[in-house]
$ cat coords18.txt   # compact mmCIF, C-alpha atoms
# COMPACT_ATOMS: atom_id res chain seq x y z
CA MET A 1 0.00 0.00 0.00
CA ALA A 2 2.75 2.42 0.96
CA GLN A 3 4.65 1.59 -2.21
CA ALA A 4 1.56 2.24 -4.34
CA VAL A 5 1.06 5.64 -2.72
CA GLU A 6 4.73 6.47 -3.26
CA GLU A 7 4.51 5.54 -6.94
CA TRP A 8 1.31 7.57 -7.34
CA TYR A 9 3.02 10.55 -5.75
CA LYS A 10 6.16 10.27 -7.87
CA GLN A 11 4.14 10.03 -11.08
CA MET A 12 2.49 13.40 -10.46
CA PRO A 13 3.70 16.25 -12.69
CA ILE A 14 5.91 18.80 -11.00
CA ILE A 15 3.45 21.66 -10.38
CA THR A 16 0.70 19.37 -9.08
CA ARG A 17 3.13 17.53 -6.81
CA SER A 18 4.64 20.76 -5.49
CA TYR A 19 1.28 22.42 -4.76
CA LEU A 20 -0.22 19.30 -3.18
CA THR A 21 2.86 18.83 -0.98
CA ALA A 22 2.86 22.46 0.16
CA ALA A 23 -0.88 22.35 0.91
CA VAL A 24 -0.69 19.13 2.92
CA VAL A 25 2.42 20.18 4.87
CA THR A 26 0.90 23.59 5.68
CA THR A 27 -2.48 22.21 6.74
CA VAL A 28 -0.97 19.40 8.81
CA GLY A 29 1.47 21.83 10.39
CA CYS A 30 -1.40 24.07 11.46
CA SER A 31 -3.38 21.10 12.80
CA LEU A 32 -0.38 20.08 14.91
CA GLU A 33 0.04 23.71 16.00
CA ILE A 34 3.52 23.86 14.52
CA ILE A 35 2.39 26.72 12.29
CA SER A 36 -0.17 29.34 13.27
CA PRO A 37 -2.92 30.13 10.72
CA TYR A 38 -2.76 33.72 11.99
CA ASN A 39 0.58 34.03 10.23
CA LEU A 40 -0.83 32.73 6.96
CA TYR A 41 -4.19 34.40 6.27
CA LEU A 42 -4.66 37.22 3.78
CA ASN A 43 -4.51 40.56 5.59
CA PRO A 44 -4.14 43.60 3.29
CA THR A 45 -3.11 45.87 6.16
CA LEU A 46 -0.26 43.61 7.24
CA VAL A 47 0.83 43.08 3.64
CA VAL A 48 1.00 46.78 2.81
CA LYS A 49 2.07 48.37 6.09
CA GLN A 50 4.25 45.65 7.60
CA TYR A 51 5.45 44.11 4.32
CA GLN A 52 4.29 40.60 5.22
CA LEU A 53 4.27 39.65 1.55
CA TRP A 54 4.30 35.92 2.24
CA ARG A 55 0.59 36.15 3.07
CA LEU A 56 -0.13 36.63 -0.64
CA VAL A 57 1.10 33.05 -1.12
CA THR A 58 0.39 31.23 2.14
CA ASN A 59 -3.34 31.95 2.06
CA PHE A 60 -3.50 29.60 -0.93
CA LEU A 61 -1.85 26.75 0.98
CA TYR A 62 -4.02 26.35 4.06
CA PHE A 63 -7.23 24.31 3.72
CA ARG A 64 -8.60 24.81 7.23
CA ASN A 65 -9.26 21.81 9.47
CA MET A 66 -8.34 18.27 8.49
CA ASP A 67 -11.90 17.02 8.08
CA LEU A 68 -14.10 15.66 5.29
CA ASP A 69 -14.03 19.02 3.54
CA PHE A 70 -10.21 18.91 3.58
CA LEU A 71 -10.22 15.43 2.01
CA PHE A 72 -12.65 16.56 -0.69
CA HIS A 73 -10.46 19.50 -1.65
CA MET A 74 -7.29 17.42 -1.60
CA PHE A 75 -9.02 15.00 -3.96
CA PHE A 76 -10.07 17.84 -6.27
CA LEU A 77 -6.58 19.32 -6.14
CA ALA A 78 -4.81 16.03 -6.85
CA ARG A 79 -7.27 14.97 -9.57
CA TYR A 80 -8.06 18.07 -11.59
CA CYS A 81 -4.73 19.81 -11.18
CA LYS A 82 -3.07 16.61 -12.39
CA LEU A 83 -5.52 16.19 -15.28
CA LEU A 84 -4.94 19.73 -16.47
CA GLU A 85 -1.16 19.53 -16.23
CA GLU A 86 -0.94 16.13 -17.91
CA ASN A 87 -3.46 16.75 -20.69
CA SER A 88 -4.46 20.32 -21.52
CA PHE A 89 -1.02 21.64 -20.50
CA ARG A 90 1.07 18.64 -21.50
CA GLY A 91 4.55 19.87 -22.35
CA LYS A 92 3.52 23.39 -21.25
CA THR A 93 4.50 23.49 -17.59
CA ALA A 94 5.25 27.22 -17.71
CA ASP A 95 1.79 27.92 -19.15
CA PHE A 96 0.17 25.88 -16.39
CA LEU A 97 2.09 27.74 -13.68
CA TYR A 98 1.10 31.01 -15.32
CA MET A 99 -2.55 29.94 -15.17
CA LEU A 100 -2.25 29.39 -11.42
CA LEU A 101 -0.50 32.74 -10.95
CA PHE A 102 -3.19 34.47 -12.99
CA GLY A 103 -5.93 32.79 -10.97
CA ALA A 104 -4.28 33.69 -7.67
CA THR A 105 -3.91 37.31 -8.79
CA VAL A 106 -7.55 37.57 -9.89
CA LEU A 107 -8.82 36.00 -6.67
CA THR A 108 -6.68 38.28 -4.52
CA GLY A 109 -7.80 41.32 -6.49
CA ILE A 110 -11.48 40.41 -6.16
CA VAL A 111 -11.20 40.04 -2.39
CA LEU A 112 -9.18 43.23 -1.91
CA ILE A 113 -11.26 45.41 -4.22
CA GLY A 114 -14.58 43.80 -3.35
CA GLY A 115 -13.84 44.35 0.31
CA THR A 116 -14.20 48.09 -0.25
CA ILE A 117 -17.59 47.87 -2.00
CA PRO A 118 -20.75 48.12 0.13
CA TYR A 119 -22.83 44.95 0.42
CA LEU A 120 -20.00 42.86 -1.10
CA SER A 121 -17.59 43.76 1.68
CA VAL A 122 -19.75 41.95 4.26
CA SER A 123 -19.21 38.60 2.52
CA LEU A 124 -15.77 39.08 0.97
CA SER A 125 -14.18 40.39 4.14
CA LYS A 126 -14.76 36.97 5.69
CA ILE A 127 -12.66 35.25 3.03
CA ILE A 128 -9.12 35.17 4.40
CA PHE A 129 -7.97 31.92 2.74
CA LEU A 130 -8.31 31.43 -1.03
CA SER A 131 -7.05 27.86 -1.32
CA ASN A 132 -10.53 26.44 -1.93
CA SER A 133 -11.22 29.06 -4.58
CA LEU A 134 -8.01 28.31 -6.49
CA THR A 135 -8.83 24.60 -6.43
CA PHE A 136 -12.33 25.32 -7.71
CA MET A 137 -10.86 27.43 -10.49
CA MET A 138 -8.95 24.39 -11.76
CA VAL A 139 -12.13 22.31 -11.63
CA TYR A 140 -13.91 24.98 -13.68
CA VAL A 141 -11.19 25.21 -16.34
CA TRP A 142 -11.06 21.42 -16.67
CA SER A 143 -14.85 21.24 -17.04
CA LYS A 144 -14.80 23.86 -19.81
CA GLN A 145 -12.16 21.93 -21.72
CA ASN A 146 -13.86 18.55 -21.24
CA PRO A 147 -17.58 19.44 -21.36
CA TYR A 148 -18.80 16.10 -22.72
CA VAL A 149 -17.16 13.75 -20.21
CA HIS A 150 -19.84 11.78 -18.35
CA MET A 151 -19.63 11.90 -14.57
CA SER A 152 -21.53 10.62 -11.56
CA PHE A 153 -22.13 12.41 -8.28
CA LEU A 154 -21.94 10.00 -5.34
CA GLY A 155 -23.71 7.45 -7.52
CA LEU A 156 -26.95 9.43 -7.25
CA PHE A 157 -27.15 10.90 -10.74
CA THR A 158 -25.05 11.35 -13.84
CA PHE A 159 -24.21 14.51 -15.73
CA THR A 160 -21.63 15.87 -18.14
CA ALA A 161 -18.51 17.66 -16.95
CA ALA A 162 -19.83 21.01 -18.19
CA TYR A 163 -22.14 21.04 -15.16
CA LEU A 164 -19.55 19.86 -12.62
CA PRO A 165 -18.88 23.31 -11.06
CA TRP A 166 -22.60 23.91 -10.61
CA VAL A 167 -23.13 20.48 -9.07
CA LEU A 168 -20.33 21.10 -6.57
CA LEU A 169 -21.64 24.59 -5.86
CA GLY A 170 -25.08 23.19 -5.16
CA PHE A 171 -23.59 20.54 -2.88
CA SER A 172 -21.75 23.22 -0.90
CA VAL A 173 -25.01 25.11 -0.38
CA LEU A 174 -26.81 21.92 0.69
CA VAL A 175 -24.25 21.12 3.37
CA GLY A 176 -24.42 24.66 4.71
CA ALA A 177 -21.09 25.94 3.44
CA SER A 178 -20.65 29.44 2.08
CA PRO A 179 -20.88 29.51 -1.74
CA TRP A 180 -18.60 32.54 -2.04
CA GLY A 181 -15.36 30.57 -2.26
CA ASP A 182 -16.69 28.41 -5.09
CA LEU A 183 -18.19 31.41 -6.88
CA LEU A 184 -14.87 33.25 -6.79
CA GLY A 185 -13.17 30.17 -8.25
CA MET A 186 -15.71 30.08 -11.07
CA ILE A 187 -15.17 33.78 -11.82
CA ALA A 188 -11.39 33.38 -11.94
CA GLY A 189 -11.68 30.20 -14.00
CA HIS A 190 -14.03 31.80 -16.50
CA ALA A 191 -11.78 34.85 -16.82
CA TYR A 192 -8.80 32.62 -17.60
CA TYR A 193 -10.69 30.36 -20.00
CA PHE A 194 -12.06 33.32 -21.94
CA LEU A 195 -8.75 35.18 -22.20
CA ALA A 196 -6.65 32.08 -22.89
CA PHE A 197 -8.90 30.11 -25.27
CA VAL A 198 -11.98 32.05 -26.43
CA TYR A 199 -10.60 35.54 -27.04
CA PRO A 200 -7.57 34.34 -29.08
CA ARG A 201 -9.90 32.44 -31.43
CA MET A 202 -12.00 35.57 -31.89
CA THR A 203 -9.20 38.06 -32.47
CA ASP A 204 -5.97 36.10 -33.10
CA ARG A 205 -4.52 37.87 -30.07
CA ARG A 206 -3.21 36.28 -26.88
CA PRO A 207 -3.48 38.62 -23.89
CA LEU A 208 -2.28 35.88 -21.52
CA LYS A 209 0.99 35.05 -23.23
CA THR A 210 3.29 33.33 -20.75
CA PRO A 211 6.29 35.52 -19.82
CA SER A 212 9.63 34.38 -21.18
CA PHE A 213 11.21 34.16 -17.72
CA LEU A 214 8.67 31.49 -16.74
CA LYS A 215 9.33 29.55 -19.92
CA ALA A 216 13.03 29.68 -19.12
CA LEU A 217 12.38 27.90 -15.82
CA PHE A 218 10.76 24.90 -17.48
CA ALA A 219 12.01 23.19 -20.58
CA ASP A 220 8.96 22.30 -22.67
CA GLU A 221 8.53 18.56 -22.63
CA PRO A 222 8.18 17.00 -26.08
CA VAL A 223 4.92 15.16 -26.64
CA VAL A 224 5.80 11.65 -27.78
CA ILE A 225 3.35 10.07 -30.20
CA ALA A 226 3.58 6.32 -30.58
CA ARG A 227 4.09 5.13 -34.14
CA PRO A 228 2.26 1.93 -35.12
CA GLU A 229 4.60 -0.81 -36.26
CA ASP A 230 2.66 -1.68 -39.42
CA VAL A 231 2.40 1.86 -40.74
CA ARG A 232 4.89 2.93 -43.37
CA PHE A 233 5.43 6.52 -44.31
CA ALA A 234 6.13 7.64 -47.84
CA PRO A 235 9.67 8.90 -48.46
CA ALA A 236 10.20 12.63 -48.68
CA PRO A 237 10.14 14.14 -52.20
CA PHE A 238 13.46 14.17 -54.02
CA ASP A 239 13.65 17.96 -54.14
CA GLU A 240 13.11 18.21 -50.35
CA ILE A 241 15.88 15.71 -49.65
CA HIS A 242 18.40 17.63 -51.73
CA GLN A 243 17.20 21.08 -50.76
CA ASP A 244 19.98 23.34 -49.45
$ encode --input "coords18.txt" --output "structure tokens"
Amino acid sequence: MAQAVEEWYKQMPIITRSYLTAAVVTTVGCSLEIISPYNLYLNPTLVVKQYQLWRLVTNFLYFRNMDLDFLFHMFFLARYCKLLEENSFRGKTADFLYMLLFGATVLTGIVLIGGTIPYLSVSLSKIIFLSNSLTFMMVYVWSKQNPYVHMSFLGLFTFTAAYLPWVLLGFSVLVGASPWGDLLGMIAGHAYYFLAFVYPRMTDRRPLKTPSFLKALFADEPVVIARPEDVRFAPAPFDEIHQD
């Protein structure tokens, strides 16, 4: 059993493995009182006035108490983060990291700006950890890219992946959880999906082009396509072979 878990962990792509590890270590550390959540939550005043910049990152790593909700979000993180990195972003590790950075920036901006708007500030001011929202963003992006995949919710009913975010949002409401975290994840996910996939098809422009310094950190992995043994390819034309 331990060996199977180790193999499963090692087979994860680098960004998924790194984020999952950081989230588990942070949450377990807080549960064991090794780390204090008060040093991790998003506090604009402490970030700006006392330069506690780490809060812009650590609020995405803590998933509250180690309960059923924690297990659900770890499952979503491990599954959909891995599916995105291995499929939609296969060989594009820098692009995948940029998606997470974009989502984290949008979520942080919504909370900070929305916290100054009447009526919204009452709800958004209570959101001091955005880890659940970032996880939900990945679920949303995956569902938009795989809308026709058939899924089942707890064996009760089946649906296509296009409705997965709404099913999970409805489940959160049924169990009495606040829907704001999931809604923020959907907003960030939709913003990324539109700017990264829809808008470029409409205008031939890419507003979310991954910065070169991120691409320099990760060598793009070549996508290997298996060649059937019985298939023979025609030789290249004579003029192409002898072309200077």
$ atom_distance --input "coords18.txt" --atom1 "CA of Val167 (chain A)" --atom2 "CA of Cys81 (chain A)"
18.5 Å
$ closest_residue --input "coords18.txt" --among "A:Ala4, A:Ile117, A:Ile128, A:Leu100" --to "Asn39 (chain A)" --atoms "only C-alpha atoms"
A:Ile128
$ closest_residue --input "coords18.txt" --among "A:Ser36, A:Asn146, A:Thr93, A:Thr105" --to "Phe60 (chain A)" --atoms "all atoms listed in the file"
A:Thr105
$ atom_distance --input "coords18.txt" --atom1 "CA of Ser133 (chain A)" --atom2 "CA of Thr160 (chain A)"
21.6 Å
$ closest_atom_pairs --input "coords18.txt" --of "region 64-146 of chain A" --to "region 191-209 of chain A" --cutoff "12 Å" --atoms "all atoms listed in the file" --output "Markdown table"
| residue | atom | partner | partner_atom | distance |
| --- | --- | --- | --- | --- |
| A:Ser88 | CA | A:Phe197 | CA | 11.4 |
| A:Ala94 | CA | A:Lys209 | CA | 10.5 |
| A:Asp95 | CA | A:Lys209 | CA | 8.3 |
| A:Phe96 | CA | A:Ala196 | CA | 11.3 |
| A:Tyr98 | CA | A:Leu208 | CA | 8.6 |
| A:Met99 | CA | A:Tyr192 | CA | 7.2 |
| A:Leu100 | CA | A:Tyr192 | CA | 9.6 |
| A:Leu101 | CA | A:Tyr192 | CA | 10.6 |
| A:Phe102 | CA | A:Tyr192 | CA | 7.5 |
| A:Gly103 | CA | A:Tyr192 | CA | 7.2 |
| A:Ala104 | CA | A:Tyr192 | CA | 11.0 |
| A:Thr105 | CA | A:Tyr192 | CA | 11.1 |
| A:Val106 | CA | A:Ala191 | CA | 8.6 |
| A:Leu107 | CA | A:Ala191 | CA | 10.6 |
| A:Leu134 | CA | A:Tyr192 | CA | 11.9 |
| A:Met137 | CA | A:Tyr192 | CA | 9.0 |
| A:Met138 | CA | A:Tyr192 | CA | 10.1 |
| A:Val139 | CA | A:Tyr193 | CA | 11.7 |
| A:Tyr140 | CA | A:Tyr193 | CA | 8.9 |
| A:Val141 | CA | A:Tyr193 | CA | 6.3 |
| A:Trp142 | CA | A:Tyr193 | CA | 9.5 |
| A:Ser143 | CA | A:Tyr193 | CA | 10.5 |
| A:Lys144 | CA | A:Tyr193 | CA | 7.7 |
| A:Gln145 | CA | A:Tyr193 | CA | 8.7 |
$ write_last_selection --input "coords18.txt" --atoms "C-alpha atoms" --output "tab-separated table (two decimals), in the frame of the given file"
chain	number	residue	atom	x	y	z
A	88	SER	CA	-4.46	20.32	-21.52
A	94	ALA	CA	5.25	27.22	-17.71
A	95	ASP	CA	1.79	27.92	-19.15
A	96	PHE	CA	0.17	25.88	-16.39
A	98	TYR	CA	1.10	31.01	-15.32
A	99	MET	CA	-2.55	29.94	-15.17
A	100	LEU	CA	-2.25	29.39	-11.42
A	101	LEU	CA	-0.50	32.74	-10.95
A	102	PHE	CA	-3.19	34.47	-12.99
A	103	GLY	CA	-5.93	32.79	-10.97
A	104	ALA	CA	-4.28	33.69	-7.67
A	105	THR	CA	-3.91	37.31	-8.79
A	106	VAL	CA	-7.55	37.57	-9.89
A	107	LEU	CA	-8.82	36.00	-6.67
A	134	LEU	CA	-8.01	28.31	-6.49
A	137	MET	CA	-10.86	27.43	-10.49
A	138	MET	CA	-8.95	24.39	-11.76
A	139	VAL	CA	-12.13	22.31	-11.63
A	140	TYR	CA	-13.91	24.98	-13.68
A	141	VAL	CA	-11.19	25.21	-16.34
A	142	TRP	CA	-11.06	21.42	-16.67
A	143	SER	CA	-14.85	21.24	-17.04
A	144	LYS	CA	-14.80	23.86	-19.81
A	145	GLN	CA	-12.16	21.93	-21.72
$ atom_distance --input "coords18.txt" --atom1 "CA of Ala23 (chain A)" --atom2 "CA of Leu42 (chain A)"
15.6 Å
$ residues_around --input "coords18.txt" --residues "Ile113 (chain A)" --least-positions-apart "6" --cutoff "10 Å" --atoms "all atoms listed in the file" --output "list in words"
Leu120, Ser121 and Leu124 of chain A
$ closest_residue --input "coords18.txt" --among "A:Leu217, A:Leu77, A:Ala161, A:Val5" --to "Leu20 (chain A)" --atoms "all atoms listed in the file"
A:Leu77
$ closest_residue --input "coords18.txt" --among "A:Phe76, A:Phe129, A:Tyr19, A:Phe157" --to "Gly181 (chain A)" --atoms "all atoms listed in the file"
A:Phe129
$ closest_residue --input "coords18.txt" --among "A:Met12, A:Leu130, A:Leu61, A:Leu97" --to "Lys215 (chain A)" --atoms "only C-alpha atoms"
A:Leu97
$ closest_residue --input "coords18.txt" --among "A:Phe70, A:Tyr51, A:Phe159, A:Phe213" --to "Asn132 (chain A)" --atoms "all atoms listed in the file"
A:Phe70
$ axis_aligned_box --input "coords18.txt" --around "region 34-48 of chain A" --padding-each-side "3 Å" --output "AutoDock Vina command-line options"
--center_x -0.6 --center_y 35.3 --center_z 8.7 --size_x 14.2 --size_y 28.9 --size_z 17.7
$ residues_near_point --input "coords18.txt" --point "(-2.2, 37.2, 6.3)" --cutoff "10 Å" --atoms "only C-alpha atoms" --output "ChimeraX atom specification"
/A:37-47,52-59,128-129
$ build_atoms --input "coords18.txt" --residues "region 194-219 of chain A" --atoms "N, CA, C and O atoms" --output "PDB file, in the coordinates of the input"
ATOM      1  N   PHE A 194     -11.700  32.392 -20.871  1.00  0.00           N
ATOM      2  CA  PHE A 194     -12.060  33.320 -21.940  1.00  0.00           C
ATOM      3  C   PHE A 194     -10.826  33.975 -22.544  1.00  0.00           C
ATOM      4  O   PHE A 194     -10.670  34.025 -23.771  1.00  0.00           O
ATOM      5  N   LEU A 195      -9.921  34.467 -21.704  1.00  0.00           N
ATOM      6  CA  LEU A 195      -8.750  35.180 -22.200  1.00  0.00           C
ATOM      7  C   LEU A 195      -7.719  34.259 -22.843  1.00  0.00           C
ATOM      8  O   LEU A 195      -6.988  34.673 -23.744  1.00  0.00           O
ATOM      9  N   ALA A 196      -7.668  33.003 -22.385  1.00  0.00           N
ATOM     10  CA  ALA A 196      -6.650  32.080 -22.890  1.00  0.00           C
ATOM     11  C   ALA A 196      -7.114  31.275 -24.097  1.00  0.00           C
ATOM     12  O   ALA A 196      -6.292  30.897 -24.948  1.00  0.00           O
ATOM     13  N   PHE A 197      -8.416  31.008 -24.207  1.00  0.00           N
ATOM     14  CA  PHE A 197      -8.900  30.110 -25.270  1.00  0.00           C
ATOM     15  C   PHE A 197      -9.952  30.745 -26.179  1.00  0.00           C
ATOM     16  O   PHE A 197      -9.918  30.542 -27.387  1.00  0.00           O
ATOM     17  N   VAL A 198     -10.885  31.490 -25.616  1.00  0.00           N
ATOM     18  CA  VAL A 198     -11.980  32.050 -26.430  1.00  0.00           C
ATOM     19  C   VAL A 198     -11.536  33.315 -27.159  1.00  0.00           C
ATOM     20  O   VAL A 198     -11.679  33.427 -28.386  1.00  0.00           O
ATOM     21  N   TYR A 199     -10.998  34.274 -26.442  1.00  0.00           N
ATOM     22  CA  TYR A 199     -10.600  35.540 -27.040  1.00  0.00           C
ATOM     23  C   TYR A 199      -9.553  35.374 -28.147  1.00  0.00           C
ATOM     24  O   TYR A 199      -9.675  36.023 -29.200  1.00  0.00           O
ATOM     25  N   PRO A 200      -8.531  34.527 -27.981  1.00  0.00           N
ATOM     26  CA  PRO A 200      -7.570  34.340 -29.080  1.00  0.00           C
ATOM     27  C   PRO A 200      -8.210  33.803 -30.359  1.00  0.00           C
ATOM     28  O   PRO A 200      -7.785  34.167 -31.463  1.00  0.00           O
ATOM     29  N   ARG A 201      -9.223  32.945 -30.232  1.00  0.00           N
ATOM     30  CA  ARG A 201      -9.900  32.440 -31.430  1.00  0.00           C
ATOM     31  C   ARG A 201     -10.734  33.524 -32.104  1.00  0.00           C
ATOM     32  O   ARG A 201     -10.938  33.486 -33.326  1.00  0.00           O
ATOM     33  N   MET A 202     -11.192  34.491 -31.341  1.00  0.00           N
ATOM     34  CA  MET A 202     -12.000  35.570 -31.890  1.00  0.00           C
ATOM     35  C   MET A 202     -11.171  36.650 -32.554  1.00  0.00           C
ATOM     36  O   MET A 202     -11.593  37.254 -33.548  1.00  0.00           O
ATOM     37  N   THR A 203      -9.979  36.909 -32.024  1.00  0.00           N
ATOM     38  CA  THR A 203      -9.200  38.060 -32.470  1.00  0.00           C
ATOM     39  C   THR A 203      -7.784  37.735 -32.944  1.00  0.00           C
ATOM     40  O   THR A 203      -7.086  38.627 -33.435  1.00  0.00           O
ATOM     41  N   ASP A 204      -7.351  36.480 -32.790  1.00  0.00           N
ATOM     42  CA  ASP A 204      -5.970  36.100 -33.100  1.00  0.00           C
ATOM     43  C   ASP A 204      -4.962  36.848 -32.213  1.00  0.00           C
ATOM     44  O   ASP A 204      -3.812  37.074 -32.595  1.00  0.00           O
ATOM     45  N   ARG A 205      -5.395  37.236 -31.036  1.00  0.00           N
ATOM     46  CA  ARG A 205      -4.520  37.870 -30.070  1.00  0.00           C
ATOM     47  C   ARG A 205      -4.503  37.064 -28.786  1.00  0.00           C
ATOM     48  O   ARG A 205      -5.525  36.483 -28.412  1.00  0.00           O
ATOM     49  N   ARG A 206      -3.354  37.048 -28.117  1.00  0.00           N
ATOM     50  CA  ARG A 206      -3.210  36.280 -26.880  1.00  0.00           C
ATOM     51  C   ARG A 206      -2.826  37.218 -25.736  1.00  0.00           C
ATOM     52  O   ARG A 206      -1.644  37.485 -25.511  1.00  0.00           O
ATOM     53  N   PRO A 207      -3.803  37.715 -24.999  1.00  0.00           N
ATOM     54  CA  PRO A 207      -3.480  38.620 -23.890  1.00  0.00           C
ATOM     55  C   PRO A 207      -2.786  37.943 -22.715  1.00  0.00           C
ATOM     56  O   PRO A 207      -2.167  38.621 -21.898  1.00  0.00           O
ATOM     57  N   LEU A 208      -2.895  36.602 -22.634  1.00  0.00           N
ATOM     58  CA  LEU A 208      -2.280  35.880 -21.520  1.00  0.00           C
ATOM     59  C   LEU A 208      -1.060  35.091 -21.979  1.00  0.00           C
ATOM     60  O   LEU A 208      -0.878  33.938 -21.608  1.00  0.00           O
ATOM     61  N   LYS A 209      -0.225  35.712 -22.773  1.00  0.00           N
ATOM     62  CA  LYS A 209       0.990  35.050 -23.230  1.00  0.00           C
ATOM     63  C   LYS A 209       1.947  34.860 -22.057  1.00  0.00           C
ATOM     64  O   LYS A 209       2.244  35.799 -21.324  1.00  0.00           O
ATOM     65  N   THR A 210       2.410  33.645 -21.882  1.00  0.00           N
ATOM     66  CA  THR A 210       3.290  33.330 -20.750  1.00  0.00           C
ATOM     67  C   THR A 210       4.600  34.086 -20.856  1.00  0.00           C
ATOM     68  O   THR A 210       5.254  34.066 -21.905  1.00  0.00           O
ATOM     69  N   PRO A 211       5.021  34.766 -19.795  1.00  0.00           N
ATOM     70  CA  PRO A 211       6.290  35.520 -19.820  1.00  0.00           C
ATOM     71  C   PRO A 211       7.469  34.609 -20.115  1.00  0.00           C
ATOM     72  O   PRO A 211       7.490  33.438 -19.726  1.00  0.00           O
ATOM     73  N   SER A 212       8.460  35.169 -20.767  1.00  0.00           N
ATOM     74  CA  SER A 212       9.630  34.380 -21.180  1.00  0.00           C
ATOM     75  C   SER A 212      10.419  33.871 -19.987  1.00  0.00           C
ATOM     76  O   SER A 212      11.022  32.797 -20.050  1.00  0.00           O
ATOM     77  N   PHE A 213      10.421  34.619 -18.867  1.00  0.00           N
ATOM     78  CA  PHE A 213      11.210  34.160 -17.720  1.00  0.00           C
ATOM     79  C   PHE A 213      10.609  32.902 -17.100  1.00  0.00           C
ATOM     80  O   PHE A 213      11.336  32.075 -16.533  1.00  0.00           O
ATOM     81  N   LEU A 214       9.281  32.729 -17.215  1.00  0.00           N
ATOM     82  CA  LEU A 214       8.670  31.490 -16.740  1.00  0.00           C
ATOM     83  C   LEU A 214       9.004  30.334 -17.663  1.00  0.00           C
ATOM     84  O   LEU A 214       9.269  29.218 -17.208  1.00  0.00           O
ATOM     85  N   LYS A 215       8.981  30.598 -18.960  1.00  0.00           N
ATOM     86  CA  LYS A 215       9.330  29.550 -19.920  1.00  0.00           C
ATOM     87  C   LYS A 215      10.778  29.101 -19.746  1.00  0.00           C
ATOM     88  O   LYS A 215      11.118  27.936 -19.984  1.00  0.00           O
ATOM     89  N   ALA A 216      11.623  30.024 -19.327  1.00  0.00           N
ATOM     90  CA  ALA A 216      13.030  29.680 -19.120  1.00  0.00           C
ATOM     91  C   ALA A 216      13.214  28.744 -17.931  1.00  0.00           C
ATOM     92  O   ALA A 216      14.206  28.006 -17.861  1.00  0.00           O
ATOM     93  N   LEU A 217      12.277  28.769 -16.996  1.00  0.00           N
ATOM     94  CA  LEU A 217      12.380  27.900 -15.820  1.00  0.00           C
ATOM     95  C   LEU A 217      12.041  26.453 -16.135  1.00  0.00           C
ATOM     96  O   LEU A 217      12.509  25.538 -15.457  1.00  0.00           O
ATOM     97  N   PHE A 218      11.220  26.258 -17.151  1.00  0.00           N
ATOM     98  CA  PHE A 218      10.760  24.900 -17.480  1.00  0.00           C
ATOM     99  C   PHE A 218      11.024  24.632 -18.953  1.00  0.00           C
ATOM    100  O   PHE A 218      10.517  25.343 -19.817  1.00  0.00           O
ATOM    101  N   ALA A 219      11.806  23.617 -19.207  1.00  0.00           N
ATOM    102  CA  ALA A 219      12.010  23.190 -20.580  1.00  0.00           C
ATOM    103  C   ALA A 219      10.742  22.486 -21.041  1.00  0.00           C
ATOM    104  O   ALA A 219      10.254  21.572 -20.386  1.00  0.00           O
TER     105      ALA A 219
END
